[in-house]
file coords_33.pdb (PDB, C-alpha atoms, pLDDT in the B column)
MODEL        1
ATOM      1  CA  MET A 963      -6.990  38.497 108.779  1.00 58.00           C
ATOM      2  CA  LYS A 964      -3.986  36.193 109.366  1.00 66.00           C
ATOM      3  CA  LEU A 965      -2.916  36.650 105.754  1.00 60.00           C
ATOM      4  CA  PHE A 966      -3.003  40.434 106.125  1.00 56.00           C
ATOM      5  CA  GLY A 967      -0.894  40.270 109.295  1.00 57.00           C
ATOM      6  CA  ARG A 968       1.699  38.030 107.676  1.00 60.00           C
ATOM      7  CA  LEU A 969       1.832  40.225 104.599  1.00 52.00           C
ATOM      8  CA  LEU A 970       2.335  43.302 106.754  1.00 53.00           C
ATOM      9  CA  LEU A 971       5.105  41.536 108.701  1.00 54.00           C
ATOM     10  CA  ALA A 972       6.820  40.446 105.470  1.00 56.00           C
ATOM     11  CA  ILE A 973       6.729  43.981 104.068  1.00 62.00           C
ATOM     12  CA  GLY A 974       8.159  45.360 107.312  1.00 54.00           C
ATOM     13  CA  MET A 975      10.999  42.803 107.338  1.00 52.00           C
ATOM     14  CA  PHE A 976      11.793  43.511 103.682  1.00 51.00           C
ATOM     15  CA  THR A 977      11.931  47.248 104.392  1.00 48.00           C
ATOM     16  CA  LEU A 978      14.338  46.746 107.297  1.00 44.00           C
ATOM     17  CA  VAL A 979      16.646  44.498 105.277  1.00 44.00           C
ATOM     18  CA  SER A 980      16.670  46.719 102.191  1.00 46.00           C
ATOM     19  CA  CYS A 981      17.487  49.824 104.226  1.00 45.00           C
ATOM     20  CA  SER A 982      20.376  48.286 106.126  1.00 46.00           C
ATOM     21  CA  GLU A 983      23.824  49.479 105.148  1.00 57.00           C
ATOM     22  CA  THR A 984      26.319  46.930 103.905  1.00 84.00           C
ATOM     23  CA  THR A 985      29.412  46.748 106.102  1.00 92.00           C
ATOM     24  CA  PRO A 986      32.763  45.020 105.633  1.00 95.00           C
ATOM     25  CA  GLN A 987      32.789  41.277 106.182  1.00 95.00           C
ATOM     26  CA  GLU A 988      35.258  39.072 107.976  1.00 94.00           C
ATOM     27  CA  ILE A 989      38.039  37.769 105.707  1.00 95.00           C
ATOM     28  CA  ALA A 990      38.054  33.992 105.314  1.00 96.00           C
ATOM     29  CA  VAL A 991      41.842  33.561 105.273  1.00 95.00           C
ATOM     30  CA  GLY A 992      42.935  30.991 102.717  1.00 95.00           C
ATOM     31  CA  LYS A 993      39.465  30.932 101.097  1.00 97.00           C
ATOM     32  CA  ASP A 994      38.527  34.456 100.004  1.00 97.00           C
ATOM     33  CA  GLN A 995      39.995  35.567  96.716  1.00 97.00           C
ATOM     34  CA  CYS A 996      41.200  39.003  95.630  1.00 97.00           C
ATOM     35  CA  GLU A 997      38.770  40.466  93.101  1.00 96.00           C
ATOM     36  CA  ASN A 998      41.612  42.063  91.137  1.00 96.00           C
ATOM     37  CA  CYS A 999      44.482  39.554  90.969  1.00 96.00           C
ATOM     38  CA  LYS A1000      42.477  36.410  91.912  1.00 96.00           C
ATOM     39  CA  MET A1001      45.057  35.333  94.516  1.00 96.00           C
ATOM     40  CA  THR A1002      43.845  33.816  97.781  1.00 97.00           C
ATOM     41  CA  ILE A1003      43.901  36.279 100.671  1.00 97.00           C
ATOM     42  CA  THR A1004      46.470  35.007 103.177  1.00 95.00           C
ATOM     43  CA  GLU A1005      47.461  38.155 105.087  1.00 96.00           C
ATOM     44  CA  PRO A1006      44.314  39.805 106.509  1.00 96.00           C
ATOM     45  CA  LYS A1007      46.186  42.824 107.935  1.00 96.00           C
ATOM     46  CA  TYR A1008      46.804  43.973 104.340  1.00 97.00           C
ATOM     47  CA  ALA A1009      43.286  43.139 103.113  1.00 97.00           C
ATOM     48  CA  THR A1010      40.850  45.752 101.858  1.00 97.00           C
ATOM     49  CA  GLN A1011      37.207  45.819 100.875  1.00 97.00           C
ATOM     50  CA  LEU A1012      35.164  47.913  98.514  1.00 96.00           C
ATOM     51  CA  ILE A1013      31.401  48.235  98.756  1.00 95.00           C
ATOM     52  CA  THR A1014      29.726  49.672  95.668  1.00 91.00           C
ATOM     53  CA  GLN A1015      26.929  52.193  95.731  1.00 87.00           C
ATOM     54  CA  LYS A1016      24.529  49.305  95.056  1.00 88.00           C
ATOM     55  CA  GLY A1017      25.884  47.309  98.019  1.00 91.00           C
ATOM     56  CA  ARG A1018      28.053  44.749  96.235  1.00 92.00           C
ATOM     57  CA  LEU A1019      31.142  43.815  98.267  1.00 95.00           C
ATOM     58  CA  TYR A1020      34.569  43.081  96.792  1.00 96.00           C
ATOM     59  CA  LYS A1021      37.585  41.835  98.754  1.00 97.00           C
ATOM     60  CA  PHE A1022      41.249  42.470  97.924  1.00 97.00           C
ATOM     61  CA  ASP A1023      44.563  41.151  99.233  1.00 97.00           C
ATOM     62  CA  ASP A1024      46.434  44.462  99.003  1.00 96.00           C
ATOM     63  CA  ILE A1025      45.642  48.178  98.899  1.00 96.00           C
ATOM     64  CA  SER A1026      47.288  48.369  95.465  1.00 96.00           C
ATOM     65  CA  CYS A1027      44.898  45.713  94.094  1.00 96.00           C
ATOM     66  CA  MET A1028      41.890  47.682  95.326  1.00 95.00           C
ATOM     67  CA  ASN A1029      43.270  50.903  93.826  1.00 94.00           C
ATOM     68  CA  ASP A1030      43.863  49.180  90.463  1.00 95.00           C
ATOM     69  CA  TYR A1031      40.352  47.728  90.518  1.00 94.00           C
ATOM     70  CA  GLU A1032      38.820  51.110  91.381  1.00 92.00           C
ATOM     71  CA  THR A1033      40.658  52.759  88.502  1.00 91.00           C
ATOM     72  CA  SER A1034      39.566  50.233  85.891  1.00 91.00           C
ATOM     73  CA  ASN A1035      35.957  49.835  87.163  1.00 88.00           C
ATOM     74  CA  SER A1036      35.018  53.340  88.298  1.00 81.00           C
ATOM     75  CA  GLU A1037      31.686  53.399  86.444  1.00 80.00           C
ATOM     76  CA  ALA A1038      30.471  50.134  87.994  1.00 76.00           C
ATOM     77  CA  ILE A1039      31.551  51.150  91.503  1.00 81.00           C
ATOM     78  CA  GLY A1040      29.861  54.539  91.598  1.00 79.00           C
ATOM     79  CA  ALA A1041      30.073  56.340  94.931  1.00 84.00           C
ATOM     80  CA  GLY A1042      31.215  53.246  96.795  1.00 88.00           C
ATOM     81  CA  LYS A1043      33.069  53.046 100.097  1.00 94.00           C
ATOM     82  CA  THR A1044      36.500  51.592 100.615  1.00 96.00           C
ATOM     83  CA  TYR A1045      37.753  49.931 103.772  1.00 98.00           C
ATOM     84  CA  VAL A1046      41.258  48.991 104.868  1.00 98.00           C
ATOM     85  CA  ALA A1047      42.434  46.791 107.703  1.00 98.00           C
ATOM     86  CA  ASP A1048      43.930  48.716 110.616  1.00 98.00           C
ATOM     87  CA  PHE A1049      47.343  47.042 110.679  1.00 97.00           C
ATOM     88  CA  PRO A1050      47.682  46.641 114.466  1.00 96.00           C
ATOM     89  CA  SER A1051      44.156  45.329 115.102  1.00 96.00           C
ATOM     90  CA  GLY A1052      43.039  43.890 111.749  1.00 94.00           C
ATOM     91  CA  LYS A1053      39.699  45.715 112.178  1.00 97.00           C
ATOM     92  CA  PHE A1054      38.249  47.309 109.020  1.00 98.00           C
ATOM     93  CA  ILE A1055      38.076  51.103 108.950  1.00 97.00           C
ATOM     94  CA  GLU A1056      37.049  53.498 106.197  1.00 97.00           C
ATOM     95  CA  ALA A1057      40.014  54.199 103.966  1.00 96.00           C
ATOM     96  CA  LYS A1058      39.357  57.941 103.963  1.00 96.00           C
ATOM     97  CA  THR A1059      39.953  58.065 107.740  1.00 97.00           C
ATOM     98  CA  ALA A1060      43.100  55.905 107.741  1.00 98.00           C
ATOM     99  CA  THR A1061      46.694  57.050 107.842  1.00 98.00           C
ATOM    100  CA  LEU A1062      48.732  55.111 105.285  1.00 98.00           C
ATOM    101  CA  ILE A1063      52.443  54.414 105.407  1.00 98.00           C
ATOM    102  CA  LYS A1064      54.357  53.077 102.432  1.00 97.00           C
ATOM    103  CA  GLY A1065      57.745  51.690 101.467  1.00 97.00           C
ATOM    104  CA  GLY A1066      60.733  51.042 103.659  1.00 97.00           C
ATOM    105  CA  GLN A1067      60.685  47.545 105.146  1.00 97.00           C
ATOM    106  CA  ILE A1068      56.971  46.936 104.478  1.00 97.00           C
ATOM    107  CA  LYS A1069      56.324  43.872 102.312  1.00 96.00           C
ATOM    108  CA  SER A1070      52.675  43.391 101.367  1.00 94.00           C
ATOM    109  CA  PRO A1071      51.235  40.529  99.274  1.00 91.00           C
ATOM    110  CA  MET A1072      51.141  42.288  95.889  1.00 92.00           C
ATOM    111  CA  GLY A1073      53.993  44.715  96.335  1.00 92.00           C
ATOM    112  CA  GLY A1074      51.873  47.737  97.221  1.00 94.00           C
ATOM    113  CA  ASN A1075      53.946  47.804 100.422  1.00 97.00           C
ATOM    114  CA  THR A1076      51.383  49.943 102.225  1.00 97.00           C
ATOM    115  CA  GLN A1077      49.951  49.607 105.721  1.00 98.00           C
ATOM    116  CA  ALA A1078      46.878  51.380 107.114  1.00 98.00           C
ATOM    117  CA  TYR A1079      46.463  52.739 110.630  1.00 98.00           C
ATOM    118  CA  GLN A1080      43.441  54.091 112.432  1.00 98.00           C
ATOM    119  CA  ASP A1081      45.626  56.081 114.849  1.00 97.00           C
ATOM    120  CA  LYS A1082      47.944  58.678 113.290  1.00 97.00           C
ATOM    121  CA  ALA A1083      50.477  58.571 116.156  1.00 97.00           C
ATOM    122  CA  THR A1084      50.775  54.786 115.800  1.00 98.00           C
ATOM    123  CA  ALA A1085      51.270  55.219 112.044  1.00 98.00           C
ATOM    124  CA  GLU A1086      54.007  57.791 112.575  1.00 98.00           C
ATOM    125  CA  LYS A1087      55.818  55.517 115.036  1.00 98.00           C
ATOM    126  CA  ALA A1088      55.543  52.543 112.635  1.00 98.00           C
ATOM    127  CA  ALA A1089      56.760  54.686 109.726  1.00 98.00           C
ATOM    128  CA  THR A1090      59.866  55.618 111.703  1.00 97.00           C
ATOM    129  CA  GLU A1091      60.543  52.008 112.739  1.00 97.00           C
ATOM    130  CA  LEU A1092      59.970  50.646 109.217  1.00 97.00           C
ATOM    131  CA  GLN A1093      61.700  53.526 107.401  1.00 97.00           C
ATOM    132  CA  ALA A1094      58.441  54.145 105.533  1.00 97.00           C
ATOM    133  CA  THR A1095      56.801  57.367 104.438  1.00 97.00           C
ATOM    134  CA  ILE A1096      53.401  58.681 105.463  1.00 97.00           C
ATOM    135  CA  GLN A1097      51.064  59.046 102.493  1.00 92.00           C
TER     136      GLN A1097
ENDMDL
END

call {"tool": "encode", "arguments": {"input": "coords_33.pdb", "output": "structure tokens"}}
result
Amino acid sequence: MKLFGRLLLAIGMFTLVSCSETTPQEIAVGKDQCENCKMTITEPKYATQLITQKGRLYKFDDISCMNDYETSNSEAIGAGKTYVADFPSGKFIEAKTATLIKGGQIKSPMGGNTQAYQDKATAEKAATELQATIQ
């Protein structure tokens, strides 16, 4: 009977773990490496993450690196999700909900020169201050 109980517990735990959704991870500054350009991630406010349909997580040092990687690996990624760091807070948000600003005085690690914002009004204010354009 003990064996049956343990087996049932193990199956339940496995089911919970396999059904959990993968979420962005904390960036280990100075240790994590960009999947595209292989440079060490040193500026977490420009970092991005991509989670494939199968749950594999990739980290990038710049939005442009993630975009390049997506373009050249679209079949492997499938219907994955992309996350960008909200520039003011550093918190990861889904890229499709972010407001991006580009150019002007923005200088990102790989020259993508793009910042992401969760709040549109904050993005508009930053775009004005940095002479950037809203994407």

call {"tool": "closest_residue", "arguments": {"input": "coords_33.pdb", "among": "A:Ala1089, A:Ile1013, A:Ile1025, A:Ala1041", "to": "Thr1076 (chain A)", "atoms": "all atoms listed in the file"}}
result
A:Ile1025

call {"tool": "residues_around", "arguments": {"input": "coords_33.pdb", "residues": "Leu1092 (chain A)", "least_positions_apart": "4", "cutoff": "12 Å", "atoms": "only C-alpha atoms", "output": "PyMOL selection string"}}
result
chain A and resi 1063-1069+1075-1077+1085-1088+1096

call {"tool": "atom_distance", "arguments": {"input": "coords_33.pdb", "atom1": "CA of Phe1022 (chain A)", "atom2": "CA of Gln1093 (chain A)"}}
result
25.1 Å

call {"tool": "closest_residue", "arguments": {"input": "coords_33.pdb", "among": "A:Ala1060, A:Val991, A:Ile1055, A:Cys999", "to": "Asn1029 (chain A)", "atoms": "all atoms listed in the file"}}
result
A:Cys999

call {"tool": "atom_distance", "arguments": {"input": "coords_33.pdb", "atom1": "CA of Gly992 (chain A)", "atom2": "CA of Ala1094 (chain A)"}}
result
28.0 Å

call {"tool": "atom_distance", "arguments": {"input": "coords_33.pdb", "atom1": "CA of Ile989 (chain A)", "atom2": "CA of Thr1061 (chain A)"}}
result
21.2 Å

call {"tool": "closest_residue", "arguments": {"input": "coords_33.pdb", "among": "A:Glu1091, A:Gly1073, A:Thr984, A:Pro1006", "to": "Thr1044 (chain A)", "atoms": "only C-alpha atoms"}}
result
A:Thr984

call {"tool": "closest_residue", "arguments": {"input": "coords_33.pdb", "among": "A:Thr1014, A:Ser1070, A:Thr1002, A:Thr1059", "to": "Ser1026 (chain A)", "atoms": "only C-alpha atoms"}}
result
A:Ser1070

call {"tool": "closest_residue", "arguments": {"input": "coords_33.pdb", "among": "A:Arg1018, A:Lys1058, A:Lys1000, A:Lys1007", "to": "Tyr1045 (chain A)", "atoms": "all atoms listed in the file"}}
result
A:Lys1058

call {"tool": "closest_residue", "arguments": {"input": "coords_33.pdb", "among": "A:Lys1021, A:Ala1057, A:Lys1016, A:Ala1009", "to": "Gly1042 (chain A)", "atoms": "all atoms listed in the file"}}
result
A:Lys1016

call {"tool": "resolve_selection", "arguments": {"input": "coords_33.pdb", "expression": "the PyMOL selection byres ((chain A and resi 1051) around 12)", "output": "number ranges by chain"}}
result
A: 1006-1008, 1046-1050, 1052-1055, 1077-1081, 1084

call {"tool": "write_last_selection", "arguments": {"input": "coords_33.pdb", "atoms": "C-alpha atoms", "output": "PDB file, in the frame of the given file"}}
result
ATOM      1  CA  PRO A1006      44.314  39.805 106.509  1.00 96.00           C
ATOM      2  CA  LYS A1007      46.186  42.824 107.935  1.00 96.00           C
ATOM      3  CA  TYR A1008      46.804  43.973 104.340  1.00 97.00           C
ATOM      4  CA  VAL A1046      41.258  48.991 104.868  1.00 98.00           C
ATOM      5  CA  ALA A1047      42.434  46.791 107.703  1.00 98.00           C
ATOM      6  CA  ASP A1048      43.930  48.716 110.616  1.00 98.00           C
ATOM      7  CA  PHE A1049      47.343  47.042 110.679  1.00 97.00           C
ATOM      8  CA  PRO A1050      47.682  46.641 114.466  1.00 96.00           C
ATOM      9  CA  GLY A1052      43.039  43.890 111.749  1.00 94.00           C
ATOM     10  CA  LYS A1053      39.699  45.715 112.178  1.00 97.00           C
ATOM     11  CA  PHE A1054      38.249  47.309 109.020  1.00 98.00           C
ATOM     12  CA  ILE A1055      38.076  51.103 108.950  1.00 97.00           C
ATOM     13  CA  GLN A1077      49.951  49.607 105.721  1.00 98.00           C
ATOM     14  CA  ALA A1078      46.878  51.380 107.114  1.00 98.00           C
ATOM     15  CA  TYR A1079      46.463  52.739 110.630  1.00 98.00           C
ATOM     16  CA  GLN A1080      43.441  54.091 112.432  1.00 98.00           C
ATOM     17  CA  ASP A1081      45.626  56.081 114.849  1.00 97.00           C
ATOM     18  CA  THR A1084      50.775  54.786 115.800  1.00 98.00           C
TER      19      THR A1084
END

call {"tool": "residues_around", "arguments": {"input": "coords_33.pdb", "residues": "Ile1003 (chain A)", "least_positions_apart": "5", "cutoff": "7 Å", "atoms": "all atoms listed in the file", "output": "CSV table (one decimal) with C-alpha atoms, in the frame of the given file"}}
result
chain,number,residue,atom,x,y,z
A,991,VAL,CA,41.8,33.6,105.3
A,992,GLY,CA,42.9,31.0,102.7
A,993,LYS,CA,39.5,30.9,101.1
A,994,ASP,CA,38.5,34.5,100.0
A,995,GLN,CA,40.0,35.6,96.7
A,996,CYS,CA,41.2,39.0,95.6
A,1023,ASP,CA,44.6,41.2,99.2
